[in-house]
>>> print(open('work_14.cif').read())   # mmCIF, C-alpha atoms and all ligand atoms
data_input
#
loop_
_atom_site.label_atom_id
_atom_site.label_comp_id
_atom_site.auth_asym_id
_atom_site.auth_seq_id
_atom_site.Cartn_x
_atom_site.Cartn_y
_atom_site.Cartn_z
CA MET A 1 -164.60 46.11 133.82
CA SER A 2 -166.34 44.74 130.77
CA PHE A 3 -170.04 43.95 130.49
CA THR A 4 -170.54 40.35 129.35
CA ILE A 5 -173.62 39.26 127.44
CA ALA A 6 -173.94 35.51 126.85
CA VAL A 7 -176.51 34.05 124.45
CA ALA A 8 -177.86 30.54 125.08
CA GLY A 9 -180.83 28.48 123.91
CA LYS A 10 -182.08 25.51 121.95
CA GLY A 11 -180.28 24.50 118.74
CA GLY A 12 -181.33 26.65 115.79
CA SER A 13 -183.27 29.15 117.92
CA GLY A 14 -181.25 32.08 116.57
CA LYS A 15 -178.42 32.50 119.12
CA THR A 16 -175.80 33.33 116.50
CA SER A 17 -178.04 35.75 114.59
CA ILE A 18 -179.00 37.51 117.82
CA SER A 19 -175.34 37.71 118.92
CA ALA A 20 -174.48 39.29 115.56
CA LEU A 21 -177.34 41.80 115.85
CA ILE A 22 -176.21 42.74 119.36
CA ILE A 23 -172.73 43.38 117.95
CA ARG A 24 -174.40 45.46 115.21
CA TYR A 25 -176.19 47.52 117.88
CA LEU A 26 -172.97 48.14 119.83
CA ILE A 27 -171.07 49.20 116.69
CA LYS A 28 -173.85 51.52 115.47
CA ASN A 29 -174.09 53.12 118.92
CA ASN A 30 -170.34 53.53 119.36
CA ARG A 31 -170.28 51.25 122.40
CA HIS A 32 -166.85 49.81 121.77
CA PRO A 33 -164.35 48.19 122.03
CA VAL A 34 -166.30 44.96 121.56
CA LEU A 35 -165.00 41.42 121.88
CA ALA A 36 -167.10 38.75 120.18
CA VAL A 37 -166.48 35.20 121.42
CA ASP A 38 -167.74 32.30 119.34
CA ALA A 39 -167.91 29.65 122.05
CA ASP A 40 -169.83 27.15 119.90
CA PRO A 41 -167.50 24.33 118.75
CA ASN A 42 -169.49 24.33 115.52
CA ALA A 43 -168.40 27.91 114.99
CA ASN A 44 -170.31 30.25 112.67
CA LEU A 45 -170.54 33.63 114.39
CA GLY A 46 -167.68 34.79 112.16
CA GLU A 47 -169.73 33.99 109.05
CA SER A 48 -172.72 35.92 110.39
CA LEU A 49 -170.36 38.86 110.80
CA GLY A 50 -169.10 38.46 107.23
CA LEU A 51 -165.71 37.00 108.17
CA LYS A 52 -163.80 33.91 107.09
CA ILE A 53 -162.24 32.02 109.97
CA HIS A 54 -159.14 29.89 109.42
CA GLU A 55 -157.72 29.45 112.88
CA THR A 56 -159.50 28.55 116.09
CA VAL A 57 -158.41 28.09 119.69
CA GLY A 58 -159.38 24.40 119.48
CA LEU A 59 -157.20 23.73 116.44
CA MET A 60 -154.28 25.60 117.94
CA LEU A 61 -154.51 23.73 121.26
CA ASP A 62 -154.81 20.46 119.37
CA ARG A 63 -151.59 21.14 117.54
CA PHE A 64 -149.98 22.25 120.75
CA GLN A 65 -150.87 18.93 122.45
CA LYS A 66 -150.03 16.65 119.53
CA GLU A 67 -146.94 18.15 118.03
CA LYS A 68 -143.92 18.82 120.08
CA ILE A 69 -143.75 22.50 119.23
CA ASP A 70 -140.38 24.09 119.87
CA ILE A 71 -141.10 26.85 122.30
CA PRO A 72 -138.65 29.69 121.64
CA SER A 73 -135.92 29.70 124.26
CA GLY A 74 -136.48 32.08 127.11
CA MET A 75 -140.26 31.73 126.76
CA THR A 76 -142.38 29.79 129.25
CA LYS A 77 -145.00 27.36 127.97
CA GLU A 78 -147.67 29.68 129.35
CA ALA A 79 -146.24 32.76 127.65
CA TYR A 80 -146.00 30.85 124.38
CA LEU A 81 -149.63 29.70 124.57
CA GLU A 82 -150.72 33.25 125.31
CA TYR A 83 -148.78 34.53 122.35
CA ARG A 84 -150.49 31.95 120.12
CA LEU A 85 -153.91 32.83 121.54
CA ASN A 86 -153.26 36.47 120.68
CA THR A 87 -152.61 35.55 117.06
CA ILE A 88 -156.05 33.86 116.84
CA LEU A 89 -157.82 37.06 117.82
CA LEU A 90 -159.25 38.46 114.61
CA GLU A 91 -159.21 42.24 114.54
CA THR A 92 -161.63 44.22 112.39
CA ARG A 93 -162.25 47.94 112.33
CA ASP A 94 -165.26 47.66 114.61
CA PHE A 95 -164.75 44.64 116.85
CA GLU A 96 -162.49 41.70 117.61
CA LEU A 97 -163.46 38.05 117.36
CA LEU A 98 -162.14 35.03 119.21
CA THR A 99 -163.31 31.72 117.74
CA MET A 100 -163.01 28.81 120.14
CA GLY A 101 -163.75 26.04 117.63
CA ARG A 102 -163.10 22.44 118.49
CA GLY A 103 -160.01 20.31 118.79
CA GLU A 104 -160.02 16.96 117.08
CA GLY A 105 -158.76 14.86 119.93
CA GLN A 106 -160.36 13.75 123.14
CA ASP A 107 -157.26 14.74 125.08
CA CYS A 108 -157.64 16.57 128.31
CA TYR A 109 -157.15 20.26 127.77
CA CYS A 110 -157.02 21.00 131.48
CA TYR A 111 -153.74 22.83 131.34
CA PRO A 112 -154.51 24.88 128.20
CA ASN A 113 -158.02 25.48 129.54
CA THR A 114 -156.66 27.10 132.65
CA ILE A 115 -154.54 29.36 130.50
CA LEU A 116 -157.45 29.98 128.15
CA ARG A 117 -159.64 31.04 131.02
CA LYS A 118 -156.99 33.38 132.37
CA PHE A 119 -156.46 34.72 128.85
CA ILE A 120 -160.16 35.43 128.31
CA ASP A 121 -160.51 36.98 131.75
CA ARG A 122 -157.56 39.28 131.13
CA LEU A 123 -158.59 39.97 127.54
CA SER A 124 -162.11 40.88 128.64
CA ASP A 125 -160.73 43.69 130.76
CA SER A 126 -159.67 45.52 127.58
CA TYR A 127 -163.20 45.69 126.19
CA VAL A 128 -166.33 47.53 127.19
CA PHE A 129 -168.52 44.67 125.94
CA VAL A 130 -167.97 40.94 125.54
CA ILE A 131 -170.62 39.07 123.53
CA MET A 132 -170.54 35.31 123.77
CA ASP A 133 -172.41 33.07 121.35
CA ASN A 134 -172.80 29.67 122.99
CA GLU A 135 -173.43 26.13 121.83
CA ALA A 136 -176.93 24.77 122.38
CA GLY A 137 -175.86 22.46 125.20
CA MET A 138 -173.90 25.07 127.17
CA GLU A 139 -171.35 22.34 127.98
CA HIS A 140 -168.41 24.68 127.89
CA LEU A 141 -170.03 26.76 130.59
CA SER A 142 -169.70 23.75 132.87
CA ARG A 143 -166.09 23.34 131.76
CA GLY A 144 -165.46 26.64 133.42
CA THR A 145 -163.99 28.55 130.51
CA THR A 146 -166.51 31.31 130.95
CA GLN A 147 -166.17 34.23 133.29
CA ASP A 148 -169.03 35.92 135.11
CA ILE A 149 -172.02 36.85 132.99
CA ASP A 150 -173.77 40.22 133.37
CA GLU A 151 -176.65 39.37 131.07
CA LEU A 152 -177.70 35.90 129.99
CA LEU A 153 -180.10 35.89 127.05
CA ILE A 154 -182.01 32.63 126.84
CA VAL A 155 -183.37 32.33 123.32
CA SER A 156 -186.26 30.17 122.13
CA ASN A 157 -187.84 29.91 118.75
CA HIS A 158 -191.62 30.04 118.49
CA SER A 159 -192.08 26.43 119.65
CA VAL A 160 -193.20 24.67 122.81
CA LYS A 161 -189.97 22.62 122.85
CA GLY A 162 -187.94 25.81 122.70
CA ILE A 163 -189.91 27.28 125.60
CA ARG A 164 -189.30 24.14 127.68
CA THR A 165 -185.60 24.40 126.94
CA ILE A 166 -185.59 27.86 128.56
CA SER A 167 -186.55 26.28 131.89
CA ARG A 168 -183.92 23.57 131.53
CA ILE A 169 -181.22 26.16 130.85
CA GLN A 170 -182.33 28.15 133.89
CA GLU A 171 -182.01 24.98 135.99
CA LEU A 172 -178.59 24.26 134.52
CA VAL A 173 -177.43 27.76 135.35
CA LYS A 174 -178.46 27.16 138.98
CA GLU A 175 -176.90 23.67 139.10
CA LEU A 176 -173.61 24.93 137.70
CA LYS A 177 -173.77 27.86 140.11
CA LEU A 178 -172.91 30.21 137.25
CA ARG A 179 -172.60 33.78 138.31
CA VAL A 180 -175.26 35.45 136.21
CA LYS A 181 -176.38 38.94 137.20
CA ASN A 182 -179.49 39.09 135.03
CA GLU A 183 -181.41 36.74 132.76
CA SER A 184 -183.65 37.77 129.85
CA ILE A 185 -185.96 35.52 127.89
CA VAL A 186 -186.08 36.12 124.15
CA ILE A 187 -188.60 34.51 121.80
CA ASN A 188 -187.28 34.62 118.24
CA MET A 189 -188.80 34.11 114.79
CA VAL A 190 -192.33 35.12 115.76
CA SER A 191 -194.41 35.58 112.59
CA ASP A 192 -197.28 37.58 113.94
CA GLN A 193 -197.95 37.40 117.64
CA LEU A 194 -197.35 34.66 120.19
CA ASP A 195 -199.52 31.61 119.55
CA PRO A 196 -201.94 30.83 122.43
CA PHE A 197 -200.15 27.47 122.93
CA ILE A 198 -196.88 29.32 123.45
CA VAL A 199 -198.56 31.79 125.79
CA SER A 200 -200.01 29.00 127.91
CA GLU A 201 -196.69 27.08 128.00
CA LEU A 202 -194.92 30.26 129.15
CA ALA A 203 -197.55 30.76 131.83
CA ALA A 204 -197.31 27.12 132.98
CA LEU A 205 -193.55 27.50 133.39
CA LYS A 206 -193.94 30.97 134.95
CA LEU A 207 -191.81 32.56 132.26
CA THR A 208 -192.23 36.10 131.00
CA PRO A 209 -190.56 37.06 127.72
CA ASP A 210 -188.38 40.16 127.80
CA ALA A 211 -188.21 40.46 124.03
CA ILE A 212 -190.03 39.11 121.01
CA ILE A 213 -188.02 39.12 117.79
CA PRO A 214 -190.05 38.93 114.59
CA GLN A 215 -189.43 36.49 111.80
CA ASP A 216 -187.41 38.67 109.43
CA ASP A 217 -186.77 37.77 105.82
CA LEU A 218 -183.78 40.12 105.75
CA ILE A 219 -181.97 37.71 108.10
CA LEU A 220 -182.69 34.78 105.80
CA GLN A 221 -181.60 36.81 102.76
CA ALA A 222 -178.35 37.80 104.49
CA ASP A 223 -177.79 34.12 105.35
CA LEU A 224 -178.38 33.02 101.74
CA LYS A 225 -176.13 35.73 100.30
CA GLN A 226 -173.58 35.20 103.10
CA GLN A 227 -173.75 38.84 104.05
CA SER A 228 -172.86 40.24 107.44
CA LEU A 229 -175.84 40.86 109.73
CA VAL A 230 -174.06 44.05 110.80
CA GLU A 231 -175.08 45.42 107.39
CA LEU A 232 -178.84 44.89 107.93
CA PRO A 233 -180.77 48.16 107.51
CA ASP A 234 -182.12 50.09 110.50
CA ASN A 235 -185.69 49.36 109.41
CA SER A 236 -185.30 45.56 109.65
CA ALA A 237 -187.91 44.29 112.11
CA ALA A 238 -185.38 42.06 113.91
CA VAL A 239 -182.87 44.93 114.16
CA LYS A 240 -185.52 47.16 115.73
CA ALA A 241 -186.47 44.48 118.27
CA ILE A 242 -182.82 43.86 119.23
CA ASP A 243 -182.24 47.61 119.54
CA ARG A 244 -185.16 47.82 121.98
CA LEU A 245 -183.85 44.85 123.96
CA MET A 246 -180.37 46.39 124.14
CA THR A 247 -181.75 49.71 125.34
CA LYS A 248 -183.51 47.80 128.12
CA ILE A 249 -180.42 45.77 129.04
CA LEU A 250 -178.13 48.77 129.03
CA SER A 251 -180.48 50.73 131.23
CA HIS A 252 -179.50 48.28 134.03
CA LYS A 253 -175.82 48.76 133.31
CA LYS A 254 -174.00 51.35 135.32
CA SER A 255 -171.89 53.32 132.84
N1 LIG B 301 -185.56 36.51 113.44
C1 LIG B 301 -185.27 35.69 112.43
N2 LIG B 301 -185.96 35.75 111.26
C2 LIG B 301 -185.69 34.93 110.23
N3 LIG B 301 -184.72 34.00 110.26
C3 LIG B 301 -183.98 33.88 111.38
C4 LIG B 301 -184.21 34.72 112.52
N4 LIG B 301 -183.30 34.38 113.47
C5 LIG B 301 -182.56 33.38 112.95
N5 LIG B 301 -182.97 33.07 111.70
C6 LIG B 301 -182.43 32.00 110.82
O1 LIG B 301 -182.61 30.77 111.52
C7 LIG B 301 -181.49 29.91 111.30
C8 LIG B 301 -180.86 29.55 112.65
O2 LIG B 301 -180.34 30.73 113.23
P1 LIG B 301 -178.96 30.74 114.03
O3 LIG B 301 -177.90 30.06 113.29
O4 LIG B 301 -178.76 32.15 114.46
O5 LIG B 301 -179.39 29.84 115.28
P2 LIG B 301 -178.48 29.20 116.41
O6 LIG B 301 -179.33 29.10 117.63
O7 LIG B 301 -177.22 29.94 116.53
O8 LIG B 301 -178.20 27.75 115.81
P3 LIG B 301 -177.16 26.64 116.37
O9 LIG B 301 -177.82 26.04 117.59
O10 LIG B 301 -177.05 25.68 115.23
O11 LIG B 301 -175.89 27.36 116.70
C9 LIG B 301 -180.54 30.65 110.37
O12 LIG B 301 -180.77 30.24 109.06
C10 LIG B 301 -180.95 32.12 110.54
O13 LIG B 301 -180.70 32.85 109.35
MG MG B 302 -175.23 29.26 116.47
#
>>> encode(input="work_14.cif", output="structure tokens")
Amino acid sequence: MSFTIAVAGKGGSGKTSISALIIRYLIKNNRHPVLAVDADPNANLGESLGLKIHETVGLMLDRFQKEKIDIPSGMTKEAYLEYRLNTILLETRDFELLTMGRGEGQDCYCYPNTILRKFIDRLSDSYVFVIMDNEAGMEHLSRGTTQDIDELLIVSNHSVKGIRTISRIQELVKELKLRVKNESIVINMVSDQLDPFIVSELAALKLTPDAIIPQDDLILQADLKQQSLVELPDNSAAVKAIDRLMTKILSHKKS
């Protein structure tokens, strides 16, 4: 059974960077195999991990729907789709990455989605950890392509709007009846300490942060130079904060 960590939150709050730093932690601590899933249609987890992505599940399904692909004889449509999904899985020395991406059409992907869900569920069983970077709106969660979540990280930047979004995501999780075992609140890009306005907004919404990630220039530098966040040094302030958060999360996990 794999342990699934999903990262959600307001647009630009740092979901992708945090997902990449979690993957960094797992690699550095030999907690593999790791499957990274970029579930944001505007995919960029690959870039944060120093990879170039050419093929996505969305593009492949699009082609599958539009073009009449000749399925090799003796192969069912389902087996063929699974074979194609396997080819999208990007393997690196330390982890594997599945990029969902977005199809161009508005067509209903109900059939491929069912297969996709089965594929991800089965795939997940081969990994110790599955890290899922989500889109800001969490729409795909409601589309049911996501399996059970062991740890949902709800990320906010150091803003009142971000903090309010945490509550909305928590409501959405309840409305969608997502099976989430544990939720952690993460406040990212904090320059010094939490501003009193943020503290009072958190109190008003009865929210308690589980982690505070400092504003870290090394993340911005890595972004500018298009370097992998896995390569950040151990003394980066954000790395240290994520390492502490992961130690906390994994202390709940039965090994
Ligand atoms: N702790 C941090 N310190 C400094 N910069 C950060 C930090 N976390 C994220 N950033 C920067 O903030 C920007 C947004 O981060 P990121 O792309 O991870 O957010 P996101 O929530 O995934 O965004 P989106 O909603 O667009 O997917 C990026 O330029 C990233 O380099
Ligand atoms: Mg992102």
>>> closest_residue(input="work_14.cif", among="A:Ile242, A:Met132, A:Ile5, A:Val160", to="ligand MG 302 (chain B)", atoms="all atoms listed in the file")
A:Met132
>>> residues_near_ligand(input="work_14.cif", ligand="ligand MG 302 (chain B)", cutoff="9 Å", atoms="all atoms listed in the file", output="short mmCIF file (atom, residue, chain, number, x, y, z; two decimals) with C-alpha atoms, in the frame of the given file")
data_model
loop_
_atom_site.label_atom_id
_atom_site.label_comp_id
_atom_site.auth_asym_id
_atom_site.auth_seq_id
_atom_site.Cartn_x
_atom_site.Cartn_y
_atom_site.Cartn_z
CA GLY A 11 -180.28 24.50 118.74
CA GLY A 12 -181.33 26.65 115.79
CA SER A 13 -183.27 29.15 117.92
CA GLY A 14 -181.25 32.08 116.57
CA LYS A 15 -178.42 32.50 119.12
CA THR A 16 -175.80 33.33 116.50
CA SER A 17 -178.04 35.75 114.59
CA SER A 19 -175.34 37.71 118.92
CA ASP A 38 -167.74 32.30 119.34
CA ASP A 40 -169.83 27.15 119.90
CA ASN A 42 -169.49 24.33 115.52
CA ALA A 43 -168.40 27.91 114.99
CA ASN A 44 -170.31 30.25 112.67
CA LEU A 45 -170.54 33.63 114.39
CA ASP A 133 -172.41 33.07 121.35
CA ASN A 134 -172.80 29.67 122.99
CA GLU A 135 -173.43 26.13 121.83
CA ALA A 136 -176.93 24.77 122.38
#
>>> closest_residue(input="work_14.cif", among="A:Gln65, A:Ser184, A:Gln215, A:Thr99", to="ligand LIG 301 (chain B)", atoms="only C-alpha atoms and all ligand atoms")
A:Gln215
>>> atom_distance(input="work_14.cif", atom1="CA of Ser228 (chain A)", atom2="CA of Ala20 (chain A)")
8.3 Å
>>> atom_distance(input="work_14.cif", atom1="CA of Gly46 (chain A)", atom2="CA of Lys161 (chain A)")
27.6 Å
>>> closest_residue(input="work_14.cif", among="A:Ala237, A:Val7, A:Val230, A:Val173", to="Glu151 (chain A)", atoms="only C-alpha atoms")
A:Val7
>>> atom_distance(input="work_14.cif", atom1="CA of Leu202 (chain A)", atom2="CA of Ile154 (chain A)")
13.3 Å
>>> residues_around(input="work_14.cif", residues="region 25-29 of chain A", least_positions_apart="5", cutoff="9 Å", atoms="all atoms listed in the file", output="ChimeraX atom specification")
/A:20,34,94-95,129,230,239,242-243,246
>>> closest_residue(input="work_14.cif", among="A:Asp121, A:Gly9, A:Glu78, A:Thr4", to="Gly162 (chain A)", atoms="only C-alpha atoms")
A:Gly9
>>> residues_around(input="work_14.cif", residues="Gln170 (chain A)", least_positions_apart="4", cutoff="10 Å", atoms="only C-alpha atoms", output="number ranges by chain")
A: 152, 154, 165-166, 174-175, 183
>>> residues_near_point(input="work_14.cif", point="(-180.3, 45.7, 107.0)", cutoff="12 Å", atoms="all atoms listed in the file", output="PyMOL selection string")
chain A and resi 21+24-25+216-223+227-240
>>> write_last_selection(input="work_14.cif", atoms="C-alpha atoms", output="short mmCIF file (atom, residue, chain, number, x, y, z; two decimals), in the frame of the given file")
data_model
loop_
_atom_site.label_atom_id
_atom_site.label_comp_id
_atom_site.auth_asym_id
_atom_site.auth_seq_id
_atom_site.Cartn_x
_atom_site.Cartn_y
_atom_site.Cartn_z
CA LEU A 21 -177.34 41.80 115.85
CA ARG A 24 -174.40 45.46 115.21
CA TYR A 25 -176.19 47.52 117.88
CA ASP A 216 -187.41 38.67 109.43
CA ASP A 217 -186.77 37.77 105.82
CA LEU A 218 -183.78 40.12 105.75
CA ILE A 219 -181.97 37.71 108.10
CA LEU A 220 -182.69 34.78 105.80
CA GLN A 221 -181.60 36.81 102.76
CA ALA A 222 -178.35 37.80 104.49
CA ASP A 223 -177.79 34.12 105.35
CA GLN A 227 -173.75 38.84 104.05
CA SER A 228 -172.86 40.24 107.44
CA LEU A 229 -175.84 40.86 109.73
CA VAL A 230 -174.06 44.05 110.80
CA GLU A 231 -175.08 45.42 107.39
CA LEU A 232 -178.84 44.89 107.93
CA PRO A 233 -180.77 48.16 107.51
CA ASP A 234 -182.12 50.09 110.50
CA ASN A 235 -185.69 49.36 109.41
CA SER A 236 -185.30 45.56 109.65
CA ALA A 237 -187.91 44.29 112.11
CA ALA A 238 -185.38 42.06 113.91
CA VAL A 239 -182.87 44.93 114.16
CA LYS A 240 -185.52 47.16 115.73
#
>>> closest_residue(input="work_14.cif", among="A:Arg31, A:Lys248, A:Lys177, A:His54", to="Leu90 (chain A)", atoms="all atoms listed in the file")
A:His54
>>> axis_aligned_box(input="work_14.cif", around="ligand LIG 301 (chain B)", padding_each_side="3 Å", output="lines of an AutoDock Vina configuration file")
center_x = -180.9
center_y = 31.1
center_z = 113.3
size_x = 16.1
size_y = 16.8
size_z = 14.6
>>> closest_residue(input="work_14.cif", among="A:Asp125, A:Asp195, A:Glu171, A:Asp70", to="Asn157 (chain A)", atoms="only C-alpha atoms")
A:Asp195
